[in-house]
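coords.tsv (TSV, C-alpha atoms) appears below.
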```tsv
chain	number	residue	atom	x	y	z
T	1	MET	CA	116.85	89.75	116.63
T	2	SER	CA	117.27	93.47	117.20
T	3	ARG	CA	115.50	95.80	114.82
T	4	LYS	CA	117.61	97.78	112.37
T	5	THR	CA	116.90	101.44	111.64
T	6	ILE	CA	117.05	102.51	108.01
T	7	GLY	CA	117.20	106.21	107.24
T	8	VAL	CA	115.19	107.25	104.19
T	9	GLY	CA	115.63	110.23	101.90
T	10	VAL	CA	112.95	111.04	99.32
T	11	ILE	CA	113.84	113.22	96.33
T	12	SER	CA	110.84	115.12	94.90
T	13	LEU	CA	107.62	115.15	96.86
T	14	GLY	CA	104.96	115.07	94.18
T	15	TRP	CA	102.28	112.40	93.96
T	16	MET	CA	104.78	109.55	93.65
T	17	GLY	CA	107.16	110.88	96.29
T	18	ARG	CA	104.30	111.04	98.78
T	19	LEU	CA	103.27	107.51	97.81
T	20	HIS	CA	106.80	106.23	98.37
T	21	THR	CA	106.74	107.88	101.78
T	22	ARG	CA	103.43	106.26	102.76
T	23	SER	CA	104.71	102.91	101.51
T	24	PHE	CA	107.79	103.05	103.69
T	25	LYS	CA	105.63	103.94	106.68
T	26	ALA	CA	103.30	100.98	106.02
T	27	LEU	CA	106.03	98.35	106.22
T	28	ARG	CA	105.87	97.85	109.97
T	29	GLU	CA	102.17	96.95	109.76
T	30	LYS	CA	102.07	95.01	106.48
T	31	TYR	CA	105.46	93.29	106.70
T	32	PRO	CA	106.16	92.91	110.43
T	33	GLU	CA	108.70	90.15	109.79
T	34	ILE	CA	111.03	92.71	108.20
T	35	GLU	CA	112.97	93.68	111.30
T	36	VAL	CA	113.36	97.33	110.46
T	37	ASP	CA	112.34	100.75	111.71
T	38	ILE	CA	111.97	103.36	108.98
T	39	LYS	CA	113.32	106.80	109.82
T	40	LEU	CA	112.19	109.60	107.50
T	41	VAL	CA	115.38	111.61	107.57
T	42	VAL	CA	115.03	114.17	104.80
T	43	CYS	CA	112.87	115.16	101.84
T	44	CYS	CA	114.05	117.21	98.89
T	45	ASP	CA	111.81	119.38	96.73
T	46	VAL	CA	112.21	122.65	94.87
T	47	VAL	CA	108.73	123.77	95.92
T	48	GLU	CA	108.74	125.34	99.38
T	49	SER	CA	105.17	124.26	100.22
T	50	ASN	CA	106.08	120.64	99.49
T	51	ARG	CA	109.05	120.86	101.82
T	52	GLN	CA	106.87	122.29	104.55
T	53	PHE	CA	104.27	119.57	104.01
T	54	ALA	CA	106.98	116.92	104.31
T	55	VAL	CA	107.93	118.10	107.77
T	56	ASP	CA	104.53	119.13	109.07
T	57	ASN	CA	102.40	116.29	107.73
T	58	LEU	CA	104.52	113.36	106.61
T	59	GLY	CA	106.99	113.17	109.48
T	60	PHE	CA	110.31	114.00	107.82
T	61	GLU	CA	112.88	115.40	110.20
T	62	LYS	CA	113.90	118.04	107.69
T	63	ALA	CA	113.45	119.16	104.10
T	64	VAL	CA	115.98	120.57	101.64
T	65	GLU	CA	115.98	122.11	98.17
T	66	ASP	CA	119.09	120.42	96.72
T	67	TYR	CA	119.08	116.64	96.20
T	68	ARG	CA	122.81	116.57	96.86
T	69	ASP	CA	122.08	117.39	100.48
T	70	VAL	CA	120.04	114.18	100.67
T	71	LEU	CA	122.78	112.04	99.17
T	72	SER	CA	125.49	113.51	101.39
T	73	ASP	CA	123.50	113.09	104.62
T	74	PRO	CA	125.19	110.38	106.72
T	75	GLU	CA	121.86	109.36	108.27
T	76	VAL	CA	120.35	108.50	104.87
T	77	ASP	CA	120.78	104.80	104.08
T	78	VAL	CA	118.41	104.51	101.09
T	79	VAL	CA	116.96	106.98	98.60
T	80	SER	CA	113.71	107.27	96.65
T	81	ILE	CA	114.07	109.07	93.32
T	82	CYS	CA	110.68	110.44	92.26
T	83	ALA	CA	111.72	113.45	90.20
T	84	PRO	CA	110.68	114.09	86.57
T	85	ASN	CA	112.20	111.82	83.90
T	86	PHE	CA	114.91	114.23	82.75
T	87	LEU	CA	116.43	114.33	86.25
T	88	HIS	CA	116.48	110.57	86.88
T	89	HIS	CA	119.85	109.87	85.28
T	90	GLU	CA	121.67	112.71	87.00
T	91	ILE	CA	120.27	111.86	90.42
T	92	ALA	CA	120.69	108.10	90.07
T	93	MET	CA	124.31	108.43	88.99
T	94	ALA	CA	124.93	110.72	91.96
T	95	ALA	CA	123.28	108.14	94.27
T	96	ILE	CA	125.57	105.47	92.84
T	97	GLU	CA	128.61	107.65	93.49
T	98	ALA	CA	127.37	108.21	97.06
T	99	GLY	CA	126.87	104.46	97.56
T	100	LYS	CA	123.15	104.79	98.35
T	101	PRO	CA	120.73	101.99	97.35
T	102	PHE	CA	117.84	103.59	95.49
T	103	TRP	CA	114.21	103.07	94.53
T	104	ILE	CA	113.59	104.93	91.29
T	105	GLU	CA	110.44	105.51	89.28
T	106	LYS	CA	110.24	104.45	85.66
T	107	PRO	CA	111.46	105.29	83.16
T	108	MET	CA	114.92	105.44	84.75
T	109	GLY	CA	116.00	107.96	82.13
T	110	ILE	CA	114.86	109.53	78.90
T	111	SER	CA	116.79	107.01	76.79
T	112	ALA	CA	118.04	103.44	76.81
T	113	GLN	CA	121.58	104.80	77.07
T	114	GLU	CA	120.78	106.60	80.31
T	115	SER	CA	119.09	103.48	81.70
T	116	LYS	CA	122.09	101.35	80.73
T	117	GLU	CA	124.47	103.68	82.53
T	118	ILE	CA	122.33	103.60	85.66
T	119	ALA	CA	121.93	99.80	85.65
T	120	ARG	CA	125.60	99.07	84.99
T	121	GLY	CA	126.71	101.69	87.50
T	122	ALA	CA	124.48	100.33	90.25
T	123	GLN	CA	125.62	96.75	89.67
T	124	SER	CA	129.28	97.74	89.60
T	125	ALA	CA	128.78	99.56	92.91
T	126	GLY	CA	127.04	96.52	94.41
T	127	LEU	CA	123.85	98.46	95.15
T	128	ILE	CA	120.38	97.01	95.62
T	129	THR	CA	117.88	98.90	93.49
T	130	SER	CA	114.17	99.01	92.79
T	131	VAL	CA	112.24	100.35	89.79
T	132	GLY	CA	108.57	101.35	89.93
T	133	PHE	CA	107.00	98.54	87.91
T	134	ASN	CA	104.14	98.41	90.39
T	135	TYR	CA	101.64	96.43	88.27
T	136	ARG	CA	103.84	93.37	88.72
T	137	HIS	CA	102.87	93.26	92.36
T	138	ALA	CA	99.12	92.74	92.04
T	139	PRO	CA	98.34	89.32	93.57
T	140	ALA	CA	96.30	88.46	90.45
T	141	ILE	CA	99.37	89.11	88.29
T	142	GLU	CA	101.50	86.94	90.56
T	143	MET	CA	98.88	84.20	90.25
T	144	ALA	CA	98.79	84.60	86.47
T	145	ARG	CA	102.56	84.19	86.40
T	146	ALA	CA	102.32	81.00	88.45
T	147	ILE	CA	99.59	79.59	86.18
T	148	VAL	CA	101.73	80.24	83.10
T	149	ALA	CA	104.84	78.76	84.75
T	150	GLU	CA	103.12	75.52	85.73
T	151	GLY	CA	101.88	75.00	82.18
T	152	ALA	CA	98.20	75.07	83.10
T	153	ILE	CA	97.27	76.90	79.89
T	154	GLY	CA	99.69	74.94	77.74
T	155	ARG	CA	102.39	76.31	75.46
T	156	ILE	CA	102.10	80.08	75.23
T	157	THR	CA	101.37	81.16	71.67
T	158	ASN	CA	100.67	84.88	71.94
T	159	ALA	CA	99.92	87.72	74.32
T	160	ARG	CA	98.14	91.07	74.07
T	161	VAL	CA	98.76	94.14	76.19
T	162	TRP	CA	97.16	97.51	76.01
T	163	LEU	CA	97.48	100.50	78.29
T	164	ILE	CA	94.79	102.97	77.29
T	165	ALA	CA	94.26	106.13	79.35
T	166	ASP	CA	92.61	109.53	79.10
T	167	TYR	CA	94.86	111.67	81.29
T	168	ALA	CA	95.95	113.74	78.27
T	169	SER	CA	92.72	113.56	76.26
T	170	SER	CA	91.78	117.22	76.77
T	171	PRO	CA	93.50	119.59	74.31
T	172	ASP	CA	93.28	122.19	77.09
T	173	GLY	CA	95.58	120.16	79.34
T	174	PRO	CA	98.78	122.05	80.24
T	175	LEU	CA	102.01	121.70	78.29
T	176	THR	CA	104.07	120.18	81.10
T	177	TRP	CA	107.49	118.55	80.90
T	178	ARG	CA	105.79	115.28	79.92
T	179	TYR	CA	105.19	116.64	76.42
T	180	ALA	CA	108.75	117.86	75.82
T	181	LYS	CA	111.01	115.36	74.06
T	182	GLU	CA	114.13	116.71	75.74
T	183	LYS	CA	112.64	116.33	79.23
T	184	ALA	CA	110.37	113.28	79.00
T	185	GLY	CA	111.97	111.41	76.14
T	186	ALA	CA	109.25	109.57	74.28
T	187	GLY	CA	105.64	110.21	75.29
T	188	VAL	CA	103.22	107.38	75.97
T	189	ILE	CA	105.90	104.82	75.07
T	190	LEU	CA	107.91	105.66	78.18
T	191	ASP	CA	105.02	106.78	80.35
T	192	LEU	CA	102.77	103.74	79.91
T	193	LEU	CA	104.02	101.15	77.42
T	194	GLY	CA	107.19	100.53	79.40
T	195	HIS	CA	104.90	99.04	82.05
T	196	GLY	CA	103.38	96.81	79.38
T	197	ALA	CA	106.77	95.56	78.21
T	198	ASP	CA	107.75	94.70	81.77
T	199	LEU	CA	104.42	92.96	82.44
T	200	VAL	CA	104.86	90.72	79.40
T	201	GLN	CA	108.42	89.81	80.32
T	202	TYR	CA	107.47	89.24	83.98
T	203	VAL	CA	104.32	87.16	83.50
T	204	LEU	CA	105.87	85.01	80.76
T	205	LYS	CA	109.46	84.96	82.12
T	206	ASP	CA	110.51	85.69	78.57
T	207	ARG	CA	112.24	88.63	76.90
T	208	PHE	CA	111.45	90.71	73.84
T	209	THR	CA	113.79	90.15	70.90
T	210	ALA	CA	112.28	92.32	68.14
T	211	VAL	CA	109.50	94.84	67.55
T	212	THR	CA	107.87	96.89	64.83
T	213	ALA	CA	105.75	99.92	65.68
T	214	GLN	CA	103.77	102.92	64.57
T	215	THR	CA	103.02	106.06	66.58
T	216	GLY	CA	100.61	108.96	66.34
T	217	LEU	CA	100.50	112.52	67.67
T	218	PHE	CA	96.89	113.70	67.83
T	219	ILE	CA	97.04	116.83	70.01
T	220	THR	CA	99.88	118.81	68.50
T	221	GLU	CA	99.84	121.84	70.82
T	222	ARG	CA	98.81	122.62	74.36
T	223	PRO	CA	98.42	125.73	76.53
T	224	ILE	CA	101.46	126.86	78.49
T	225	PRO	CA	100.95	126.44	82.27
T	226	LEU	CA	101.11	129.37	84.67
T	227	GLU	CA	101.98	127.28	87.72
T	228	GLN	CA	103.63	124.01	88.65
T	229	GLY	CA	101.30	121.07	89.22
T	230	MET	CA	101.57	117.63	90.78
T	231	GLY	CA	101.31	114.54	88.62
T	232	HIS	CA	98.52	114.90	86.08
T	233	ALA	CA	96.64	117.49	88.15
T	234	THR	CA	94.95	120.43	86.44
T	235	VAL	CA	96.69	123.80	86.75
T	236	GLN	CA	96.04	127.31	85.50
T	237	VAL	CA	97.14	127.89	81.93
T	238	SER	CA	97.79	130.90	79.72
T	239	ASP	CA	96.23	131.80	76.38
T	240	GLN	CA	99.48	130.94	74.64
T	241	LYS	CA	100.17	127.46	73.31
T	242	GLY	CA	103.31	125.50	72.55
T	243	PRO	CA	104.09	122.42	70.45
T	244	VAL	CA	103.88	118.88	71.81
T	245	GLY	CA	107.13	117.06	71.17
T	246	ASN	CA	106.31	113.39	71.68
T	247	GLU	CA	103.70	110.81	70.72
T	248	ASP	CA	100.17	110.31	72.08
T	249	TYR	CA	99.66	106.79	70.72
T	250	VAL	CA	101.66	103.69	69.81
T	251	ALA	CA	100.88	100.25	68.34
T	252	VAL	CA	103.45	97.45	68.45
T	253	LEU	CA	104.02	93.93	67.13
T	254	GLY	CA	106.71	92.00	68.94
T	255	THR	CA	108.40	88.64	69.30
T	256	LEU	CA	109.81	87.00	72.43
T	257	GLU	CA	112.84	84.75	72.81
T	258	SER	CA	110.58	81.68	72.97
T	259	GLY	CA	108.87	82.59	69.70
T	260	THR	CA	105.74	83.89	71.42
T	261	LEU	CA	104.04	86.69	69.50
T	262	VAL	CA	102.94	89.88	71.26
T	263	THR	CA	100.78	92.85	70.34
T	264	MET	CA	100.89	96.03	72.42
T	265	GLU	CA	98.98	99.30	72.21
T	266	SER	CA	98.99	102.43	74.32
T	267	SER	CA	97.30	105.82	74.31
T	268	ARG	CA	97.25	108.78	76.66
T	269	VAL	CA	94.47	110.62	74.81
T	270	SER	CA	91.64	108.07	74.53
T	271	VAL	CA	88.22	109.37	75.55
T	272	GLY	CA	86.42	106.75	77.63
T	273	PRO	CA	88.95	104.45	79.28
T	274	ARG	CA	90.44	106.00	82.41
T	275	ALA	CA	93.24	103.51	83.10
T	276	GLU	CA	92.45	100.39	81.08
T	277	TYR	CA	95.69	98.48	81.50
T	278	ILE	CA	95.14	94.91	80.33
T	279	ILE	CA	97.25	91.82	79.70
T	280	GLU	CA	95.91	88.72	77.98
T	281	VAL	CA	97.94	85.51	77.62
T	282	TYR	CA	96.90	82.75	75.24
T	283	GLY	CA	98.11	79.15	75.31
T	284	THR	CA	97.32	75.90	73.57
T	285	GLU	CA	95.20	74.77	76.53
T	286	GLY	CA	93.63	77.99	77.75
T	287	SER	CA	94.10	81.69	78.42
T	288	LEU	CA	93.93	84.36	81.10
T	289	ARG	CA	93.12	88.06	81.35
T	290	TRP	CA	93.81	90.84	83.87
T	291	ASN	CA	92.65	94.45	83.88
T	292	PHE	CA	94.13	97.02	86.26
T	293	GLU	CA	90.74	98.75	86.50
T	294	ASP	CA	89.57	95.54	88.22
T	295	LEU	CA	92.92	94.57	89.66
T	296	ASN	CA	91.60	92.04	92.17
T	297	ARG	CA	90.03	89.84	89.47
T	298	LEU	CA	91.75	87.30	87.23
T	299	GLN	CA	89.82	85.78	84.34
T	300	ILE	CA	90.96	82.22	83.61
T	301	CYS	CA	89.95	79.68	80.98
T	302	ILE	CA	91.63	76.27	81.27
T	303	GLY	CA	90.82	73.42	78.90
T	304	ASN	CA	89.21	73.56	75.47
T	305	ASP	CA	86.82	70.60	75.49
T	306	HIS	CA	83.85	71.90	77.50
T	307	GLY	CA	81.47	72.44	74.60
T	308	PHE	CA	78.76	74.99	75.36
T	309	GLN	CA	80.26	75.51	78.84
T	310	GLN	CA	83.51	76.83	77.42
T	311	GLY	CA	84.45	80.25	78.81
T	312	TYR	CA	86.19	82.26	81.47
T	313	VAL	CA	85.99	81.84	85.22
T	314	ASP	CA	86.12	85.11	87.14
T	315	ALA	CA	88.47	84.41	90.03
T	316	MET	CA	88.61	87.04	92.77
T	317	ALA	CA	91.95	87.49	94.49
T	318	SER	CA	91.90	85.91	97.93
T	319	PRO	CA	94.28	84.91	100.72
T	320	ASP	CA	95.35	82.03	98.46
T	321	TYR	CA	96.90	84.56	96.07
T	322	PRO	CA	100.52	85.66	96.69
T	323	GLY	CA	100.68	88.55	99.15
T	324	PHE	CA	96.94	89.27	99.28
T	325	SER	CA	96.40	88.39	102.94
T	326	ARG	CA	98.85	91.08	104.03
T	327	PHE	CA	96.30	93.67	102.93
T	328	GLN	CA	92.82	92.11	103.06
T	329	PRO	CA	91.25	89.23	105.03
T	330	GLY	CA	89.18	87.63	102.28
T	331	ALA	CA	88.11	87.59	98.65
T	332	GLY	CA	85.86	90.43	97.58
T	333	THR	CA	87.57	93.03	99.75
T	334	SER	CA	89.80	94.84	97.31
T	335	MET	CA	93.40	95.89	97.37
T	336	GLY	CA	94.28	99.16	95.63
T	337	PHE	CA	97.04	100.89	93.69
T	338	ASP	CA	98.80	102.20	96.80
T	339	ASP	CA	99.10	98.67	98.18
T	340	LEU	CA	101.16	97.63	95.16
T	341	LYS	CA	103.74	100.24	96.08
T	342	VAL	CA	103.93	98.88	99.64
T	343	VAL	CA	104.89	95.51	98.14
T	344	GLU	CA	107.54	97.32	96.13
T	345	ALA	CA	108.89	99.06	99.22
T	346	ALA	CA	109.04	95.75	101.09
T	347	GLN	CA	111.01	94.04	98.34
T	348	PHE	CA	113.42	96.97	98.23
T	349	ILE	CA	114.03	97.23	101.97
T	350	GLN	CA	114.30	93.46	102.52
T	351	GLY	CA	116.70	93.36	99.60
T	352	VAL	CA	118.86	96.06	101.20
T	353	LEU	CA	118.88	94.14	104.49
T	354	ASP	CA	119.76	90.83	102.81
T	355	ASN	CA	121.95	92.35	100.08
T	356	LYS	CA	119.84	90.44	97.57
T	357	GLN	CA	117.80	91.70	94.62
T	358	TYR	CA	114.14	90.82	95.22
T	359	GLY	CA	112.15	93.54	93.48
T	360	PRO	CA	112.36	94.90	89.95
T	361	SER	CA	115.98	95.94	89.49
T	362	ALA	CA	117.68	98.70	87.58
T	363	GLY	CA	118.44	95.90	85.14
T	364	ASP	CA	114.71	95.41	84.61
T	365	GLY	CA	114.42	99.15	84.05
T	366	TRP	CA	117.13	98.96	81.41
T	367	ALA	CA	115.49	95.89	79.80
T	368	ALA	CA	112.20	97.76	79.42
T	369	ALA	CA	114.07	100.81	78.11
T	370	GLU	CA	115.63	98.71	75.36
T	371	VAL	CA	112.15	97.58	74.29
T	372	ASP	CA	111.04	101.21	74.33
T	373	ASN	CA	114.12	102.24	72.34
T	374	ALA	CA	113.49	99.65	69.63
T	375	ILE	CA	109.85	100.78	69.44
T	376	GLU	CA	110.91	104.40	68.98
T	377	LYS	CA	113.37	103.49	66.22
T	378	SER	CA	110.82	101.31	64.45
T	379	ALA	CA	108.21	104.06	64.53
T	380	GLU	CA	110.74	106.36	62.84
T	381	ASP	CA	111.66	104.10	59.92
T	382	ARG	CA	108.69	101.65	59.85
T	383	THR	CA	110.93	98.55	59.96
T	384	TRP	CA	111.56	95.75	62.45
T	385	HIS	CA	114.19	96.47	65.11
T	386	GLU	CA	115.96	94.00	67.36
T	387	VAL	CA	115.74	94.59	71.11
T	388	ALA	CA	119.19	94.73	72.65
T	389	PRO	CA	119.72	92.31	75.56
T	390	VAL	CA	121.05	93.58	78.89
T	391	ASP	CA	124.10	92.29	80.74
T	392	VAL	CA	123.11	93.02	84.36
T	393	VAL	CA	120.84	91.36	86.93
T	394	THR	CA	117.17	91.24	86.01
T	395	THR	CA	114.30	89.81	88.04
T	396	PHE	CA	111.56	89.33	85.43
T	397	ASP	CA	112.94	85.85	84.75
T	398	HIS	CA	113.26	84.48	88.29
T	399	ASP	CA	110.98	83.95	91.26
T	400	ASN	CA	110.49	86.32	94.17
T	401	ALA	CA	111.06	85.23	97.76
T	402	LEU	CA	108.68	87.79	99.31
T	403	GLN	CA	105.27	86.87	97.89
T	404	ALA	CA	103.75	84.99	100.81
```
Render the structure in this file as structure tokens.
Amino acid sequence: MSRKTIGVGVISLGWMGRLHTRSFKALREKYPEIEVDIKLVVCCDVVESNRQFAVDNLGFEKAVEDYRDVLSDPEVDVVSICAPNFLHHEIAMAAIEAGKPFWIEKPMGISAQESKEIARGAQSAGLITSVGFNYRHAPAIEMARAIVAEGAIGRITNARVWLIADYASSPDGPLTWRYAKEKAGAGVILDLLGHGADLVQYVLKDRFTAVTAQTGLFITERPIPLEQGMGHATVQVSDQKGPVGNEDYVAVLGTLESGTLVTMESSRVSVGPRAEYIIEVYGTEGSLRWNFEDLNRLQICIGNDHGFQQGYVDAMASPDYPGFSRFQPGAGTSMGFDDLKVVEAAQFIQGVLDNKQYGPSAGDGWAAAEVDNAIEKSAEDRTWHEVAPVDVVTTFDHDNALQA
């Protein structure tokens, strides 16, 4: 079989745009069976130094300032959308109009309405999509999903998820777009808890039906930045401060279609945890736990009749876990965050080649956005809110063909 060349355009070359680029470049080594050569055609960024870096260091043939020049380039077959939240909808809808399959970071927009328009538009156009729910792709999470599916821990009764981080814990941190309601949408709900909602639905193959929530804003103002930064990086700030427009913290109670009960919690201002992203699943015959800070370990307890020996087994991810052997030769040698994005890139590119949705779809992005939307509404009026179902293709509820 002859190898196919796929031309890539990356829109916005911050931390995530650079990670997308590295992930595309890693496919030939990590997924050699995907008969494709990646061609880095063009990068778009409004910052001149980022454009220069794209050409000089990352291997892009050219760099442009306007994303429309990426979408109109005939050599670009697929697009990565890594811009700030408030630009996602505009760029994704333009990609749909241009007929370009796209890999977009979450949240897809600053509202469920924007995510719905993207998901429906992409499906109507027949486009393969991918959304950056990278925690799905940890081999330990894939194993947890398999354990739940085979009934090894019995009927699932409840699950707990918390995503606790400290990236915004300093009151001296700059007032970036992330803290503006009109640019980021919700705060930690969209930034972190959307991952939690997707993890629950993916591991349990079950969807949220209703939630009730409470939020908190603990750092009400922040210094205005004097320069543009990348990701959560520190930048110079002025003596002037401005108001924070979205929440720092959220706590949620939820129900799934099966009747399973879920609690979720997320904070961006906790002092102590750096990125403590945890899912626990409890069943009538056992339970399991996973923590992103130790992403290669899965804690499993199966059976409830062991007396004083009852407890968790610490199982290290190994070549027996889905996808692990592509990155490491044996248990104890760890995969990392960047590897999860390579899995994501592989699912996206193989999906484009096969015209089949393997990775998290725009439909999954919309599904998580509806959970987020119900959480926001509940936090406003302190009542239960139903989670609207989606009417496009989702992947949280079916198996993936690219795990081996």
| said: as a PyMOL selection string, please: the residues near Arg297 in chain T (cut-off 7 Å, all atoms listed in the file, same-chain neighbours under 6 positions excluded). | reply: chain T and resi 140+290+314-317
Per-residue nearest contacts range 243-319 of chain T to range 169-190 of chain T, cut-off 6 Å, using all atoms listed in the file, as JSON lines:
```
{"residue": "T:Val244", "atom": "CA", "partner": "T:Tyr179", "partner_atom": "CA", "distance": 5.3}
{"residue": "T:Gly245", "atom": "CA", "partner": "T:Ala180", "partner_atom": "CA", "distance": 5.0}
{"residue": "T:Asn246", "atom": "CA", "partner": "T:Gly187", "partner_atom": "CA", "distance": 4.9}
{"residue": "T:Glu247", "atom": "CA", "partner": "T:Gly187", "partner_atom": "CA", "distance": 5.0}
{"residue": "T:Asp248", "atom": "CA", "partner": "T:Val188", "partner_atom": "CA", "distance": 5.7}
{"residue": "T:Val269", "atom": "CA", "partner": "T:Ser169", "partner_atom": "CA", "distance": 3.7}
{"residue": "T:Ser270", "atom": "CA", "partner": "T:Ser169", "partner_atom": "CA", "distance": 5.9}
```
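Minimum atom-to-atom distance to Pro74 in chain T, evaluated using only C-alpha atoms, belongs to T:Gly7 out of T:Gly7, T:Glu265, T:Ala368, T:Gln347.
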| request: Work out how far CA of Val42 in chain T is from CA of Asp364 in chain T, in Å to one decimal. | output: 27.6 Å
| task | Skip range 79-86 of chain T itself and residues of its chain fewer than 2 positions away, then list as a PyMOL selection string all residues within 10 Å of it, counting all atoms listed in the file. | result | chain T and resi 7-21+42-45+67+70-71+76-77+88-92+95+100-111+114+129-132+177-178+180-185+190-191+231+345
Please write the residues from the selection above to a file, keeping C-alpha atoms, as a PDB file, in the frame of the given file.
```pdb
ATOM      1  CA  GLY T   7     117.200 106.210 107.240  1.00  0.00           C
ATOM      2  CA  VAL T   8     115.190 107.250 104.190  1.00  0.00           C
ATOM      3  CA  GLY T   9     115.630 110.230 101.900  1.00  0.00           C
ATOM      4  CA  VAL T  10     112.950 111.040  99.320  1.00  0.00           C
ATOM      5  CA  ILE T  11     113.840 113.220  96.330  1.00  0.00           C
ATOM      6  CA  SER T  12     110.840 115.120  94.900  1.00  0.00           C
ATOM      7  CA  LEU T  13     107.620 115.150  96.860  1.00  0.00           C
ATOM      8  CA  GLY T  14     104.960 115.070  94.180  1.00  0.00           C
ATOM      9  CA  TRP T  15     102.280 112.400  93.960  1.00  0.00           C
ATOM     10  CA  MET T  16     104.780 109.550  93.650  1.00  0.00           C
ATOM     11  CA  GLY T  17     107.160 110.880  96.290  1.00  0.00           C
ATOM     12  CA  ARG T  18     104.300 111.040  98.780  1.00  0.00           C
ATOM     13  CA  LEU T  19     103.270 107.510  97.810  1.00  0.00           C
ATOM     14  CA  HIS T  20     106.800 106.230  98.370  1.00  0.00           C
ATOM     15  CA  THR T  21     106.740 107.880 101.780  1.00  0.00           C
ATOM     16  CA  VAL T  42     115.030 114.170 104.800  1.00  0.00           C
ATOM     17  CA  CYS T  43     112.870 115.160 101.840  1.00  0.00           C
ATOM     18  CA  CYS T  44     114.050 117.210  98.890  1.00  0.00           C
ATOM     19  CA  ASP T  45     111.810 119.380  96.730  1.00  0.00           C
ATOM     20  CA  TYR T  67     119.080 116.640  96.200  1.00  0.00           C
ATOM     21  CA  VAL T  70     120.040 114.180 100.670  1.00  0.00           C
ATOM     22  CA  LEU T  71     122.780 112.040  99.170  1.00  0.00           C
ATOM     23  CA  VAL T  76     120.350 108.500 104.870  1.00  0.00           C
ATOM     24  CA  ASP T  77     120.780 104.800 104.080  1.00  0.00           C
ATOM     25  CA  HIS T  88     116.480 110.570  86.880  1.00  0.00           C
ATOM     26  CA  HIS T  89     119.850 109.870  85.280  1.00  0.00           C
ATOM     27  CA  GLU T  90     121.670 112.710  87.000  1.00  0.00           C
ATOM     28  CA  ILE T  91     120.270 111.860  90.420  1.00  0.00           C
ATOM     29  CA  ALA T  92     120.690 108.100  90.070  1.00  0.00           C
ATOM     30  CA  ALA T  95     123.280 108.140  94.270  1.00  0.00           C
ATOM     31  CA  LYS T 100     123.150 104.790  98.350  1.00  0.00           C
ATOM     32  CA  PRO T 101     120.730 101.990  97.350  1.00  0.00           C
ATOM     33  CA  PHE T 102     117.840 103.590  95.490  1.00  0.00           C
ATOM     34  CA  TRP T 103     114.210 103.070  94.530  1.00  0.00           C
ATOM     35  CA  ILE T 104     113.590 104.930  91.290  1.00  0.00           C
ATOM     36  CA  GLU T 105     110.440 105.510  89.280  1.00  0.00           C
ATOM     37  CA  LYS T 106     110.240 104.450  85.660  1.00  0.00           C
ATOM     38  CA  PRO T 107     111.460 105.290  83.160  1.00  0.00           C
ATOM     39  CA  MET T 108     114.920 105.440  84.750  1.00  0.00           C
ATOM     40  CA  GLY T 109     116.000 107.960  82.130  1.00  0.00           C
ATOM     41  CA  ILE T 110     114.860 109.530  78.900  1.00  0.00           C
ATOM     42  CA  SER T 111     116.790 107.010  76.790  1.00  0.00           C
ATOM     43  CA  GLU T 114     120.780 106.600  80.310  1.00  0.00           C
ATOM     44  CA  THR T 129     117.880  98.900  93.490  1.00  0.00           C
ATOM     45  CA  SER T 130     114.170  99.010  92.790  1.00  0.00           C
ATOM     46  CA  VAL T 131     112.240 100.350  89.790  1.00  0.00           C
ATOM     47  CA  GLY T 132     108.570 101.350  89.930  1.00  0.00           C
ATOM     48  CA  TRP T 177     107.490 118.550  80.900  1.00  0.00           C
ATOM     49  CA  ARG T 178     105.790 115.280  79.920  1.00  0.00           C
ATOM     50  CA  ALA T 180     108.750 117.860  75.820  1.00  0.00           C
ATOM     51  CA  LYS T 181     111.010 115.360  74.060  1.00  0.00           C
ATOM     52  CA  GLU T 182     114.130 116.710  75.740  1.00  0.00           C
ATOM     53  CA  LYS T 183     112.640 116.330  79.230  1.00  0.00           C
ATOM     54  CA  ALA T 184     110.370 113.280  79.000  1.00  0.00           C
ATOM     55  CA  GLY T 185     111.970 111.410  76.140  1.00  0.00           C
ATOM     56  CA  LEU T 190     107.910 105.660  78.180  1.00  0.00           C
ATOM     57  CA  ASP T 191     105.020 106.780  80.350  1.00  0.00           C
ATOM     58  CA  GLY T 231     101.310 114.540  88.620  1.00  0.00           C
ATOM     59  CA  ALA T 345     108.890  99.060  99.220  1.00  0.00           C
TER      60      ALA T 345
END
```
| message | Nearest residue to Arg3 in chain T out of T:Leu353, T:Val343, T:Val313, T:Ala149, using only C-alpha atoms? | response |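 Among the listed residues, T:Leu353 lies closest to Arg3 in chain T.
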| message | Measuring between all atoms listed in the file, which one of T:Val78, T:Met335, T:Ile96, T:Ile147 shows the shortest distance to Ile302 in chain T? | response | T:Ile147
| Using only C-alpha atoms, which residue out of T:Ile6, T:Leu288, T:Val200, T:Cys301 lies closest to Thr263 in chain T? |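 Between T:Ile6, T:Leu288, T:Val200, T:Cys301, the residue approaching Thr263 in chain T most closely is T:Val200.
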| note | Using all atoms listed in the file, the best pick from T:Gly259, T:Gly254, T:Pro32, T:Gly196 as closest to Val387 in chain T would be T:Gly254
| request: Grab the CA of Asp381 in chain T to CA of Ala165 in chain T distance for me, in Å with one decimal place. | output: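 Computing it gives 26.2 Å between the two atoms.
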| said: So that I can see what lies close to Leu256 in chain T, please list as a ChimeraX atom specification the residues with an atom at most 10 Å from it, counting only C-alpha atoms and leaving out residues fewer than 4 positions away in the same chain. | reply: /T:158,200-201,204-211,260-262,387
| message | I'd like the interatomic distance between CA of Tyr202 in chain T and CA of Leu340 in chain T, to a tenth of an Å. | response |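 Separation between CA of Tyr202 in chain T and CA of Leu340 in chain T: 15.3 Å.
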